[in-house]
>>> print(open('model_13.txt').read())   # compact mmCIF, C-alpha atoms
# COMPACT_ATOMS: atom_id res chain seq x y z
CA MET U 1 16.54 246.48 276.65
CA LYS U 2 14.42 245.28 279.57
CA ILE U 3 12.44 248.11 281.16
CA LEU U 4 10.45 247.92 284.39
CA ILE U 5 7.74 250.58 284.80
CA THR U 6 5.77 251.00 288.02
CA GLY U 7 2.36 252.67 288.07
CA ALA U 8 1.98 251.55 284.47
CA SER U 9 -1.79 251.13 284.25
CA ASN U 10 -2.58 254.73 283.29
CA GLY U 11 -1.22 258.27 283.08
CA MET U 12 2.49 258.73 282.56
CA GLY U 13 3.23 255.09 283.34
CA ALA U 14 1.08 253.93 280.44
CA ASP U 15 2.54 256.62 278.19
CA PHE U 16 6.08 255.51 279.07
CA ALA U 17 5.06 252.02 277.93
CA ARG U 18 3.56 253.31 274.69
CA GLN U 19 6.59 255.42 273.81
CA LEU U 20 9.04 252.64 274.68
CA ASP U 21 7.07 250.14 272.59
CA LYS U 22 9.92 249.11 270.28
CA LYS U 23 10.80 245.65 269.06
CA GLU U 24 14.21 245.78 270.75
CA ASN U 25 12.59 246.49 274.14
CA GLU U 26 10.91 244.20 276.64
CA LEU U 27 8.54 245.86 279.09
CA ILE U 28 7.59 244.76 282.59
CA LEU U 29 4.51 246.73 283.60
CA VAL U 30 3.52 246.91 287.26
CA ALA U 31 0.27 248.22 288.74
CA ARG U 32 -2.73 247.18 290.83
CA SER U 33 -5.28 246.99 288.01
CA LYS U 34 -5.11 243.74 286.05
CA GLU U 35 -7.81 244.92 283.67
CA LYS U 36 -5.99 248.13 282.75
CA LEU U 37 -2.63 246.38 282.38
CA GLU U 38 -4.10 243.72 280.12
CA LYS U 39 -5.80 246.36 277.99
CA LEU U 40 -2.52 248.27 277.67
CA LYS U 41 -0.65 245.08 276.79
CA GLU U 42 -3.03 244.53 273.89
CA GLU U 43 -2.02 247.93 272.48
CA LEU U 44 1.69 247.18 272.51
CA LYS U 45 3.70 245.29 269.93
CA CYS U 46 6.86 244.52 271.88
CA LYS U 47 7.21 241.75 274.45
CA VAL U 48 5.26 242.69 277.57
CA THR U 49 4.99 241.07 281.01
CA ILE U 50 2.41 242.39 283.46
CA GLU U 51 2.77 242.22 287.22
CA VAL U 52 -0.42 242.88 289.17
CA MET U 53 0.48 244.02 292.67
CA ASP U 54 0.12 246.78 295.22
CA LEU U 55 3.58 248.27 295.65
CA SER U 56 2.61 250.07 298.84
CA ILE U 57 3.00 246.63 300.45
CA LYS U 58 6.70 246.18 301.20
CA GLU U 59 6.66 242.40 300.72
CA ASN U 60 5.43 242.88 297.14
CA VAL U 61 8.28 245.27 296.42
CA TYR U 62 10.88 242.76 297.56
CA ASN U 63 9.15 240.00 295.60
CA LEU U 64 9.19 242.14 292.47
CA TYR U 65 12.90 242.77 292.82
CA SER U 66 13.64 239.11 293.51
CA LYS U 67 11.84 238.10 290.33
CA TYR U 68 13.76 240.56 288.16
CA LYS U 69 17.10 240.70 289.95
CA ASN U 70 19.91 241.21 287.41
CA LYS U 71 17.34 241.19 284.59
CA ILE U 72 16.51 244.91 284.26
CA ASP U 73 18.34 247.57 282.23
CA PHE U 74 16.09 250.56 282.88
CA LEU U 75 13.94 251.17 285.98
CA ILE U 76 11.17 253.77 285.82
CA ASN U 77 9.80 254.48 289.30
CA ASN U 78 6.49 256.16 288.50
CA ALA U 79 3.88 254.84 290.96
CA GLY U 80 2.51 257.36 293.42
CA PHE U 81 -0.46 259.44 294.58
CA GLY U 82 -1.32 262.55 296.58
CA ALA U 83 -3.99 263.86 298.93
CA HIS U 84 -5.35 267.34 299.62
CA GLY U 85 -6.38 268.90 302.94
CA LEU U 86 -5.17 270.30 306.24
CA PHE U 87 -2.51 268.03 307.69
CA TYR U 88 -4.27 267.55 311.02
CA LYS U 89 -7.48 266.57 309.21
CA THR U 90 -6.23 264.26 306.47
CA ASP U 91 -6.47 260.51 307.00
CA LEU U 92 -3.38 259.09 308.68
CA ASN U 93 -3.65 255.61 307.17
CA ASN U 94 -3.98 257.10 303.69
CA GLU U 95 -0.87 259.20 304.28
CA LEU U 96 1.12 256.25 305.60
CA ASN U 97 0.08 254.35 302.48
CA MET U 98 1.27 257.32 300.41
CA ILE U 99 4.63 257.31 302.17
CA ASP U 100 4.94 253.57 301.60
CA LEU U 101 4.30 253.98 297.87
CA ASN U 102 5.92 257.36 297.15
CA VAL U 103 8.99 256.89 299.36
CA ILE U 104 9.60 253.35 300.62
CA THR U 105 8.89 251.67 297.27
CA TYR U 106 11.14 254.13 295.41
CA HIS U 107 13.87 253.68 298.00
CA ILE U 108 13.86 249.88 297.90
CA LEU U 109 13.68 249.52 294.13
CA THR U 110 16.25 252.25 293.52
CA LYS U 111 18.70 250.76 295.99
CA LEU U 112 18.39 247.12 294.97
CA PHE U 113 18.41 247.63 291.20
CA LEU U 114 21.19 250.22 291.57
CA GLN U 115 23.33 247.56 293.23
CA ASP U 116 22.80 245.34 290.18
CA PHE U 117 23.60 248.18 287.80
CA VAL U 118 26.77 249.23 289.63
CA LYS U 119 28.11 245.67 289.60
CA ARG U 120 27.90 245.55 285.81
CA ASP U 121 28.57 249.29 285.38
CA ASN U 122 25.51 249.77 283.22
CA GLY U 123 21.84 250.67 283.69
CA ARG U 124 19.44 253.59 284.13
CA ILE U 125 16.95 254.72 286.73
CA LEU U 126 14.30 257.38 286.16
CA ASN U 127 12.62 258.48 289.37
CA VAL U 128 9.42 260.46 288.87
CA ALA U 129 9.28 263.24 291.45
CA SER U 130 7.43 266.53 290.95
CA SER U 131 7.83 270.30 290.94
CA ALA U 132 6.48 269.86 294.48
CA ALA U 133 9.91 268.52 295.45
CA PHE U 134 11.38 272.02 295.69
CA GLU U 135 9.06 273.63 298.20
CA PRO U 136 6.88 273.09 301.28
CA GLY U 137 3.31 272.17 300.41
CA PRO U 138 0.63 273.36 302.82
CA LEU U 139 -2.64 271.51 302.15
CA MET U 140 -0.67 268.73 300.43
CA ALA U 141 2.06 268.53 303.04
CA THR U 142 2.74 264.80 302.93
CA TYR U 143 2.76 264.57 299.13
CA TYR U 144 5.22 267.46 298.77
CA ALA U 145 7.45 265.93 301.44
CA THR U 146 7.51 262.55 299.67
CA LYS U 147 8.55 264.14 296.39
CA SER U 148 11.26 266.16 298.13
CA TYR U 149 12.61 262.87 299.46
CA VAL U 150 12.73 261.35 295.98
CA TYR U 151 14.45 264.40 294.52
CA ASN U 152 17.10 264.73 297.21
CA LEU U 153 17.80 261.01 297.36
CA SER U 154 18.24 260.85 293.60
CA MET U 155 20.51 263.90 293.45
CA ALA U 156 22.70 262.42 296.17
CA ILE U 157 22.96 259.14 294.24
CA TYR U 158 23.86 261.07 291.08
CA GLU U 159 26.80 262.73 292.84
CA GLU U 160 28.02 259.41 294.25
CA LEU U 161 27.89 257.80 290.81
CA ARG U 162 29.61 260.81 289.21
CA ARG U 163 32.50 260.72 291.65
CA GLU U 164 32.97 257.00 291.04
CA LYS U 165 32.95 257.65 287.28
CA SER U 166 30.19 255.09 286.98
CA ASN U 167 28.42 254.46 283.68
CA VAL U 168 25.15 253.99 285.59
CA LYS U 169 22.75 256.91 285.06
CA ILE U 170 20.03 258.30 287.30
CA HIS U 171 17.43 260.84 286.21
CA ILE U 172 14.77 262.81 288.10
CA LEU U 173 11.56 263.89 286.39
CA CYS U 174 9.94 266.90 288.09
CA PRO U 175 6.85 267.97 286.16
CA GLY U 176 4.22 270.46 287.23
CA PRO U 177 0.53 269.54 286.86
CA VAL U 178 0.06 266.70 284.37
CA ASP U 179 -3.26 265.54 282.93
CA THR U 180 -3.43 262.09 284.57
CA GLY U 181 -5.58 260.29 287.13
CA PHE U 182 -3.59 262.01 289.92
CA ASN U 183 -6.13 264.83 290.29
CA GLU U 184 -9.03 262.51 291.00
CA ARG U 185 -7.20 260.48 293.63
CA ALA U 186 -5.80 263.61 295.29
CA ASN U 187 -9.31 265.14 295.21
CA VAL U 188 -8.17 268.38 293.56
CA LYS U 189 -8.52 270.28 290.33
CA PHE U 190 -5.51 272.33 289.32
CA GLY U 191 -5.99 276.04 288.72
CA VAL U 192 -3.38 276.09 285.95
CA LYS U 193 -3.44 274.20 282.68
CA SER U 194 -1.99 270.72 282.98
CA LEU U 195 0.55 269.37 280.51
CA LYS U 196 -0.39 266.38 278.40
CA SER U 197 1.00 263.19 279.88
CA SER U 198 2.29 261.99 276.50
CA ASP U 199 4.16 265.27 275.96
CA VAL U 200 5.80 265.07 279.38
CA VAL U 201 6.89 261.48 278.74
CA LYS U 202 8.23 262.30 275.28
CA TYR U 203 10.27 265.18 276.70
CA ALA U 204 11.50 263.05 279.61
CA LEU U 205 12.75 260.25 277.35
CA LYS U 206 14.45 262.78 275.09
CA CYS U 207 16.30 264.15 278.13
CA VAL U 208 17.17 260.64 279.32
CA ASN U 209 18.78 259.94 275.95
CA LYS U 210 20.84 263.11 276.43
CA ASN U 211 21.87 261.93 279.94
CA LYS U 212 20.23 264.92 281.64
CA VAL U 213 19.86 264.42 285.37
CA LEU U 214 17.14 266.89 286.36
CA ILE U 215 14.21 266.95 283.94
CA ILE U 216 11.66 269.78 284.26
CA PRO U 217 9.15 269.94 281.41
CA GLY U 218 7.88 273.37 280.35
CA THR U 219 9.57 276.79 280.35
CA THR U 220 7.03 278.25 282.78
CA MET U 221 7.70 275.53 285.32
CA LYS U 222 11.48 275.88 284.93
CA LEU U 223 11.22 279.61 285.63
CA GLY U 224 8.85 279.05 288.55
CA ILE U 225 11.15 276.53 290.21
CA PHE U 226 14.16 278.79 289.64
CA GLY U 227 12.30 281.70 291.22
CA THR U 228 11.50 279.79 294.40
CA ARG U 229 15.23 279.63 295.19
CA PHE U 230 15.20 283.32 296.04
CA MET U 231 12.05 283.38 298.17
CA PRO U 232 12.15 283.18 301.98
CA ARG U 233 10.76 279.81 303.01
CA LYS U 234 7.94 281.30 305.10
CA LEU U 235 6.83 283.45 302.17
CA LEU U 236 7.09 280.46 299.85
CA ALA U 237 4.93 278.36 302.20
CA LYS U 238 2.33 281.16 302.29
CA THR U 239 2.33 281.36 298.48
CA ILE U 240 1.96 277.61 298.06
CA TYR U 241 -0.90 277.58 300.57
CA ASN U 242 -2.77 280.14 298.49
CA ILE U 243 -2.19 278.11 295.33
CA GLN U 244 -3.36 274.89 296.97
CA ASN U 245 -6.35 276.60 298.58
CA ALA U 246 -7.48 277.85 295.16
CA LYS U 247 -7.79 274.30 293.87
CA THR U 248 -11.40 273.31 293.38
CA LEU U 249 -12.29 270.18 295.33
CA GLN U 250 -13.97 267.47 293.31
>>> encode(input="model_13.txt", output="structure tokens")
Amino acid sequence: MKILITGASNGMGADFARQLDKKENELILVARSKEKLEKLKEELKCKVTIEVMDLSIKENVYNLYSKYKNKIDFLINNAGFGAHGLFYKTDLNNELNMIDLNVITYHILTKLFLQDFVKRDNGRILNVASSAAFEPGPLMATYYATKSYVYNLSMAIYEELRREKSNVKIHILCPGPVDTGFNERANVKFGVKSLKSSDVVKYALKCVNKNKVLIIPGTTMKLGIFGTRFMPRKLLAKTIYNIQNAKTLQ
């Protein structure tokens, strides 16, 4: 099985590579850091191809698809980052870059590889969203909005595929805080204990094998997300603000 993983240089992306390191698999690992990708490749025993590129640049995304058109069986859209601060104060260019990576890249790769998969009636896509997808996110407004986009887009695609009785599968991973490099780039420290990246990935792949669509690691996070359904949106926004405001800036 040929598997393409974006954001593969560290965190969950690297752990996806490690846990999919089987002789029957071929991995295509995509990230900006050549050094980290090469180091990861040395760890792995299966066939590995590394692609060093910045996927926030749209041209790179199209080039990546063109190179692997009709050659991928499983797409894992994992690349992404966040930023913390009041919306009117956070850097616009950084946020536009975030939207390019967290939304536009996901959209393009999902759409183009999905077209390949539908034609042959086979293939999987795992889009990494977040527990942030289910609520407004004061102090991380743009990040929460991007993950909401990924979640809702993926759920819509699931229903379309289901109604067409397609054998193509789409999955959405929505973890809470995970111990990765995300915190440093977002300039926050979570006030709750983060899950281990390897544990989240192990659970996600187990759910993928069971054809589960929505994947939420951890009982506490499942209950928390369920509870938000019954909260007025203004109260929910106030609650999330207090949670975000309690995060210790690096």
>>> residues_around(input="model_13.txt", residues="U:Leu92", least_positions_apart="6", cutoff="12 Å", atoms="only C-alpha atoms", output="NGL selection string")
:U and (83 or 85-86 or 98-99 or 142)
>>> closest_atom_pairs(input="model_13.txt", of="stretch 114-141 of chain U", to="stretch 148-162 of chain U", cutoff="9 Å", atoms="all atoms listed in the file", output="Markdown table")
| residue | atom | partner | partner_atom | distance |
| --- | --- | --- | --- | --- |
| U:Val118 | CA | U:Leu161 | CA | 8.7 |
| U:Asn127 | CA | U:Val150 | CA | 7.2 |
| U:Val128 | CA | U:Val150 | CA | 7.9 |
| U:Ala129 | CA | U:Val150 | CA | 6.0 |
| U:Ser130 | CA | U:Ser148 | CA | 8.1 |
| U:Ser131 | CA | U:Ser148 | CA | 9.0 |
| U:Ala132 | CA | U:Ser148 | CA | 7.1 |
| U:Ala133 | CA | U:Ser148 | CA | 3.8 |
| U:Phe134 | CA | U:Ser148 | CA | 6.3 |
| U:Glu135 | CA | U:Ser148 | CA | 7.8 |
| U:Pro136 | CA | U:Ser148 | CA | 8.8 |
>>> write_last_selection(input="model_13.txt", atoms="C-alpha atoms", output="JSON list (two decimals), keeping the file's coordinate frame")
[["chain", "number", "residue", "atom", "x", "y", "z"],
["U", 118, "VAL", "CA", 26.77, 249.23, 289.63],
["U", 127, "ASN", "CA", 12.62, 258.48, 289.37],
["U", 128, "VAL", "CA", 9.42, 260.46, 288.87],
["U", 129, "ALA", "CA", 9.28, 263.24, 291.45],
["U", 130, "SER", "CA", 7.43, 266.53, 290.95],
["U", 131, "SER", "CA", 7.83, 270.30, 290.94],
["U", 132, "ALA", "CA", 6.48, 269.86, 294.48],
["U", 133, "ALA", "CA", 9.91, 268.52, 295.45],
["U", 134, "PHE", "CA", 11.38, 272.02, 295.69],
["U", 135, "GLU", "CA", 9.06, 273.63, 298.20],
["U", 136, "PRO", "CA", 6.88, 273.09, 301.28]]
>>> atom_distance(input="model_13.txt", atom1="atom CA of U:Lys119", atom2="atom CA of U:Lys69")
12.1 Å
>>> closest_residue(input="model_13.txt", among="U:Leu139, U:Leu205, U:Ala145, U:Leu4", to="U:Ile76", atoms="all atoms listed in the file")
U:Leu4
>>> closest_atom_pairs(input="model_13.txt", of="stretch 56-151 of chain U", to="stretch 30-35 of chain U", cutoff="10 Å", atoms="only C-alpha atoms", output="CSV")
residue,atom,partner,partner_atom,distance
U:Leu64,CA,U:Val30,CA,9.1
U:Asn78,CA,U:Val30,CA,9.8
U:Ala79,CA,U:Ala31,CA,7.9
>>> residues_around(input="model_13.txt", residues="U:Leu37", least_positions_apart="4", cutoff="7 Å", atoms="all atoms listed in the file", output="VMD selection string")
chain U and resid 9 33 41 50
>>> atom_distance(input="model_13.txt", atom1="atom CA of U:Lys234", atom2="atom CA of U:Asn94")
27.0 Å
>>> atom_distance(input="model_13.txt", atom1="atom CA of U:Lys22", atom2="atom CA of U:Lys206")
15.2 Å
>>> closest_residue(input="model_13.txt", among="U:Gly227, U:Ile243, U:Cys174, U:Leu27", to="U:Leu214", atoms="only C-alpha atoms")
U:Cys174
>>> closest_residue(input="model_13.txt", among="U:Pro138, U:Ile172, U:Val208, U:Ile216", to="U:Leu236", atoms="all atoms listed in the file")
U:Pro138
>>> residues_around(input="model_13.txt", residues="stretch 43-48 of chain U", least_positions_apart="2", cutoff="12 Å", atoms="only C-alpha atoms", output="short mmCIF file (atom, residue, chain, number, x, y, z; two decimals) with C-alpha atoms, keeping the file's coordinate frame")
data_model
loop_
_atom_site.label_atom_id
_atom_site.label_comp_id
_atom_site.auth_asym_id
_atom_site.auth_seq_id
_atom_site.Cartn_x
_atom_site.Cartn_y
_atom_site.Cartn_z
CA MET U 1 16.54 246.48 276.65
CA LYS U 2 14.42 245.28 279.57
CA ILE U 3 12.44 248.11 281.16
CA LEU U 4 10.45 247.92 284.39
CA ILE U 5 7.74 250.58 284.80
CA ALA U 8 1.98 251.55 284.47
CA ALA U 14 1.08 253.93 280.44
CA ASP U 15 2.54 256.62 278.19
CA PHE U 16 6.08 255.51 279.07
CA ALA U 17 5.06 252.02 277.93
CA ARG U 18 3.56 253.31 274.69
CA GLN U 19 6.59 255.42 273.81
CA LEU U 20 9.04 252.64 274.68
CA ASP U 21 7.07 250.14 272.59
CA LYS U 22 9.92 249.11 270.28
CA LYS U 23 10.80 245.65 269.06
CA GLU U 24 14.21 245.78 270.75
CA ASN U 25 12.59 246.49 274.14
CA GLU U 26 10.91 244.20 276.64
CA LEU U 27 8.54 245.86 279.09
CA ILE U 28 7.59 244.76 282.59
CA LEU U 29 4.51 246.73 283.60
CA VAL U 30 3.52 246.91 287.26
CA LYS U 36 -5.99 248.13 282.75
CA LEU U 37 -2.63 246.38 282.38
CA GLU U 38 -4.10 243.72 280.12
CA LYS U 39 -5.80 246.36 277.99
CA LEU U 40 -2.52 248.27 277.67
CA LYS U 41 -0.65 245.08 276.79
CA ILE U 50 2.41 242.39 283.46
CA GLU U 51 2.77 242.22 287.22
#
>>> closest_residue(input="model_13.txt", among="U:Asn211, U:Lys67, U:Gly11, U:His84", to="U:Gly137", atoms="all atoms listed in the file")
U:His84
>>> closest_residue(input="model_13.txt", among="U:Asn10, U:Ser197, U:Ser56, U:Thr219", to="U:Tyr106", atoms="all atoms listed in the file")
U:Ser56
>>> closest_residue(input="model_13.txt", among="U:Lys58, U:Asn209, U:Tyr144, U:Tyr65", to="U:Phe87", atoms="all atoms listed in the file")
U:Tyr144
>>> residues_around(input="model_13.txt", residues="U:Ser194", least_positions_apart="2", cutoff="6 Å", atoms="all atoms listed in the file", output="PyMOL selection string")
chain U and resi 177-179
